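Please read the structure below before turning to the comments.
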Amino acid sequence: GAGVSQSPSNKVTEKGKDVELRCDPISGHTALYWYRQSLGQGLEFLIYFQGNSAPDKSGLPSDRFSAERTGGSVSTLTIQRTQQEDSAVYLCASSLEGTGDTQYFGPGTRLTVL
Amino acid sequence: AQSVSQHNHHVILSEAASLELGCNYSYGGTVNLFWYVQYPGQHLQLLLKYFSGDPLVKGIKGFEAEFIKSKFSFNLRKPSVQWSDTAEYFCAVSTGRRALTFGSGTRLQVQP
């Protein structure tokens, strides 16, 4: 079936604006993850959803970042009042079960904050 | 907290050379270990994984990795690299309910 999809693929915004990034996981996958890939900093965990459990938000860098997952499928990552340091590639992944399972990554959304 | 260290940040090899990329993690309990690869212009994809059993794991494209528990290591190897192996390689660890913790990545450049 189809892999993980993300939209938009690129987003350019001005400092102080809010942005929403979307992730469509693989159908039937119960777990969904958001990561951030910054230049020279590798991949950083942001948030993890598993079924109906409360999400693991321990990786969110500030309260400007939030995410939700509706109906156990599509997820939206929202960044409020964007800052230049938010510029990065935001990656979404999903897995069939929990964290021990293989994660399948989407192509990412490249966010540029001017 | 778990962490992953990849010691080689940038590796340049000639075709047919052997490859070994280091990966060490810090966590005292049971771990699941992964190597992901990101080819230029493509998204991350799984190269191989270790959950349990035989500590020598074989993945796609001739890659293998060996889990050495006493050394907290999961080094990636390939006997003979090709130009098409040029990519960035990420080691990652998963423990319990935590999501993946990634290393900082190793950029491999294979010269023809």
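Order determines the names: the first chain of the structure tokens is A, the second B, and so forth; residues in each chain are numbered 1 upward, and ligands are numbered 1 upward as they are shown.
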Problem set entry | Contact residues (chain B, partner chain A, 9 Å, only C-alpha atoms) as a list in words |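 On the chain B side, the interface is Val31, Asn32, Leu33, Phe34, Gln42, His43, Leu44, Gln45, Leu46, Lys49, Phe51, Phe90, Ser94, Thr95, Gly96, Arg97, Arg98, Ala99, Leu100, Thr101, Phe102, Gly103, Ser104 and Gly105 of chain B.
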What's around Ser7 of chain A at 8 Å? Count only C-alpha atoms, leave out sequence neighbours fewer than 3 positions away in its own chain, and write the answer as a short mmCIF file (atom, residue, chain, number, x, y, z; two decimals) with N, CA and C atoms, in the first residue's frame.
data_model
loop_
_atom_site.label_atom_id
_atom_site.label_comp_id
_atom_site.auth_asym_id
_atom_site.auth_seq_id
_atom_site.Cartn_x
_atom_site.Cartn_y
_atom_site.Cartn_z
N ASN A 10 7.23 21.60 1.10
CA ASN A 10 8.02 22.79 1.46
C ASN A 10 7.09 23.86 1.99
N LEU A 21 1.57 21.39 9.78
CA LEU A 21 2.16 20.36 8.95
C LEU A 21 1.33 19.09 9.10
N ARG A 22 1.12 18.41 7.99
CA ARG A 22 0.20 17.27 8.01
C ARG A 22 0.94 15.97 7.72
N CYS A 23 0.47 14.91 8.36
CA CYS A 23 1.03 13.59 8.14
C CYS A 23 -0.09 12.56 7.97
N GLY A 108 9.00 14.08 4.51
CA GLY A 108 9.31 15.27 5.29
C GLY A 108 8.72 16.54 4.73
N THR A 109 8.61 17.53 5.60
CA THR A 109 8.24 18.90 5.20
C THR A 109 9.41 19.79 5.56
#
Exercise. Hey, what does DSSP flag as strand (DSSP E) within chain A? Can you give it to me as a ChimeraX atom specification?
Worked result: /A:5-7,10-13,19-24,31-38,42-50,65-69,75-79,88-95,104-105,109-113
For this session: Determine the nearest neighbour of Glu20 of chain B from the options B:Asn8, B:Leu48, B:Gln109, B:Gly59, counting only C-alpha atoms.
Result: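 Distance minimum relative to Glu20 of chain B lands on B:Asn8.
Nearest to Thr82 of chain A of all the residues A:Ser66, A:Thr13, A:Asn52, A:Ser94 is A:Thr13, counting only C-alpha atoms.
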Exercise. So which residues touch Phe74 of chain B within 8 Å, counting only C-alpha atoms, skipping near sequence neighbours fewer than 4 positions away, as an NGL selection string?
Worked result: :B and (22-24 or 33 or 65-68)
For this session: Write out as a VMD selection string each polymer residue whose atoms come within 6 Å of Asp24 of chain A, counting only C-alpha atoms; drop sequence neighbours fewer than 6 positions from it.
Result: chain A and resid 4 to 5 74
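Put simply, atom CA of Pro25 of chain A is 15.8 Å away from atom CA of Pro55 of chain A.
Between atom CA of Lys61 of chain B and atom CA of His10 of chain B the interatomic distance comes to 20.5 Å.
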Exercise. Please, what distance in Å, to one decimal, runs between atom CA of Ala2 of chain A and atom CA of Ile26 of chain A?
Worked result: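 Atom CA of Ile26 of chain A lies 6.6 Å from atom CA of Ala2 of chain A.
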What's around Lys69 of chain B at 12 Å? Count only C-alpha atoms, leave out sequence neighbours fewer than 6 positions away in its own chain, and write the answer as a PDB file with N, CA, C and O atoms, in the first residue's frame.
ATOM      1  N   ASN B  24      27.490   3.414  19.133  1.00  0.00           N
ATOM      2  CA  ASN B  24      27.412   3.011  20.531  1.00  0.00           C
ATOM      3  C   ASN B  24      26.190   3.666  21.169  1.00  0.00           C
ATOM      4  O   ASN B  24      25.849   4.796  20.840  1.00  0.00           O
ATOM      5  N   TYR B  25      25.575   2.951  22.066  1.00  0.00           N
ATOM      6  CA  TYR B  25      24.394   3.496  22.731  1.00  0.00           C
ATOM      7  C   TYR B  25      24.588   3.382  24.239  1.00  0.00           C
ATOM      8  O   TYR B  25      25.409   2.604  24.726  1.00  0.00           O
ATOM      9  N   SER B  26      23.829   4.182  24.942  1.00  0.00           N
ATOM     10  CA  SER B  26      23.871   4.105  26.394  1.00  0.00           C
ATOM     11  C   SER B  26      22.471   3.817  26.890  1.00  0.00           C
ATOM     12  O   SER B  26      21.572   4.645  26.762  1.00  0.00           O
ATOM     13  N   TYR B  27      22.303   2.616  27.396  1.00  0.00           N
ATOM     14  CA  TYR B  27      21.049   2.187  28.039  1.00  0.00           C
ATOM     15  C   TYR B  27      21.300   0.805  28.596  1.00  0.00           C
ATOM     16  O   TYR B  27      21.850  -0.054  27.918  1.00  0.00           O
ATOM     17  N   GLY B  28      20.912   0.591  29.829  1.00  0.00           N
ATOM     18  CA  GLY B  28      21.247  -0.659  30.496  1.00  0.00           C
ATOM     19  C   GLY B  28      20.278  -1.800  30.280  1.00  0.00           C
ATOM     20  O   GLY B  28      20.581  -2.932  30.622  1.00  0.00           O
ATOM     21  N   GLY B  29      19.126  -1.520  29.696  1.00  0.00           N
ATOM     22  CA  GLY B  29      18.112  -2.546  29.549  1.00  0.00           C
ATOM     23  C   GLY B  29      18.040  -3.109  28.148  1.00  0.00           C
ATOM     24  O   GLY B  29      18.957  -2.969  27.340  1.00  0.00           O
ATOM     25  N   THR B  30      16.911  -3.735  27.865  1.00  0.00           N
ATOM     26  CA  THR B  30      16.693  -4.337  26.552  1.00  0.00           C
ATOM     27  C   THR B  30      16.513  -3.252  25.488  1.00  0.00           C
ATOM     28  O   THR B  30      15.799  -2.275  25.710  1.00  0.00           O
ATOM     29  N   VAL B  31      17.168  -3.445  24.372  1.00  0.00           N
ATOM     30  CA  VAL B  31      17.086  -2.440  23.302  1.00  0.00           C
ATOM     31  C   VAL B  31      16.726  -3.090  21.978  1.00  0.00           C
ATOM     32  O   VAL B  31      16.992  -4.269  21.748  1.00  0.00           O
ATOM     33  N   ASN B  32      16.102  -2.321  21.142  1.00  0.00           N
ATOM     34  CA  ASN B  32      15.945  -2.657  19.728  1.00  0.00           C
ATOM     35  C   ASN B  32      16.830  -1.678  18.959  1.00  0.00           C
ATOM     36  O   ASN B  32      16.816  -0.474  19.241  1.00  0.00           O
ATOM     37  N   LEU B  33      17.585  -2.199  18.021  1.00  0.00           N
ATOM     38  CA  LEU B  33      18.588  -1.379  17.341  1.00  0.00           C
ATOM     39  C   LEU B  33      18.319  -1.344  15.844  1.00  0.00           C
ATOM     40  O   LEU B  33      17.914  -2.343  15.249  1.00  0.00           O
ATOM     41  N   TYR B  50      17.849  -5.002  14.682  1.00  0.00           N
ATOM     42  CA  TYR B  50      18.073  -6.088  15.619  1.00  0.00           C
ATOM     43  C   TYR B  50      17.033  -5.972  16.723  1.00  0.00           C
ATOM     44  O   TYR B  50      16.920  -4.945  17.391  1.00  0.00           O
ATOM     45  N   SER B  52      16.189  -9.356  18.614  1.00  0.00           N
ATOM     46  CA  SER B  52      16.642 -10.419  19.514  1.00  0.00           C
ATOM     47  C   SER B  52      17.251 -11.512  18.644  1.00  0.00           C
ATOM     48  O   SER B  52      17.206 -11.457  17.420  1.00  0.00           O
ATOM     49  N   ASP B  54      20.094 -13.913  16.923  1.00  0.00           N
ATOM     50  CA  ASP B  54      21.440 -13.839  16.363  1.00  0.00           C
ATOM     51  C   ASP B  54      21.923 -12.394  16.344  1.00  0.00           C
ATOM     52  O   ASP B  54      21.289 -11.530  15.732  1.00  0.00           O
ATOM     53  N   PRO B  55      23.042 -12.114  17.018  1.00  0.00           N
ATOM     54  CA  PRO B  55      23.511 -10.725  17.084  1.00  0.00           C
ATOM     55  C   PRO B  55      24.069 -10.201  15.763  1.00  0.00           C
ATOM     56  O   PRO B  55      24.293  -9.010  15.612  1.00  0.00           O
ATOM     57  N   LEU B  56      24.311 -11.089  14.818  1.00  0.00           N
ATOM     58  CA  LEU B  56      24.772 -10.641  13.499  1.00  0.00           C
ATOM     59  C   LEU B  56      23.545 -10.544  12.591  1.00  0.00           C
ATOM     60  O   LEU B  56      22.905 -11.547  12.276  1.00  0.00           O
ATOM     61  N   ASN B  75      27.720  -1.851  15.278  1.00  0.00           N
ATOM     62  CA  ASN B  75      28.449  -1.297  14.142  1.00  0.00           C
ATOM     63  C   ASN B  75      27.932  -1.843  12.816  1.00  0.00           C
ATOM     64  O   ASN B  75      27.604  -3.028  12.704  1.00  0.00           O
TER      65      ASN B  75
END
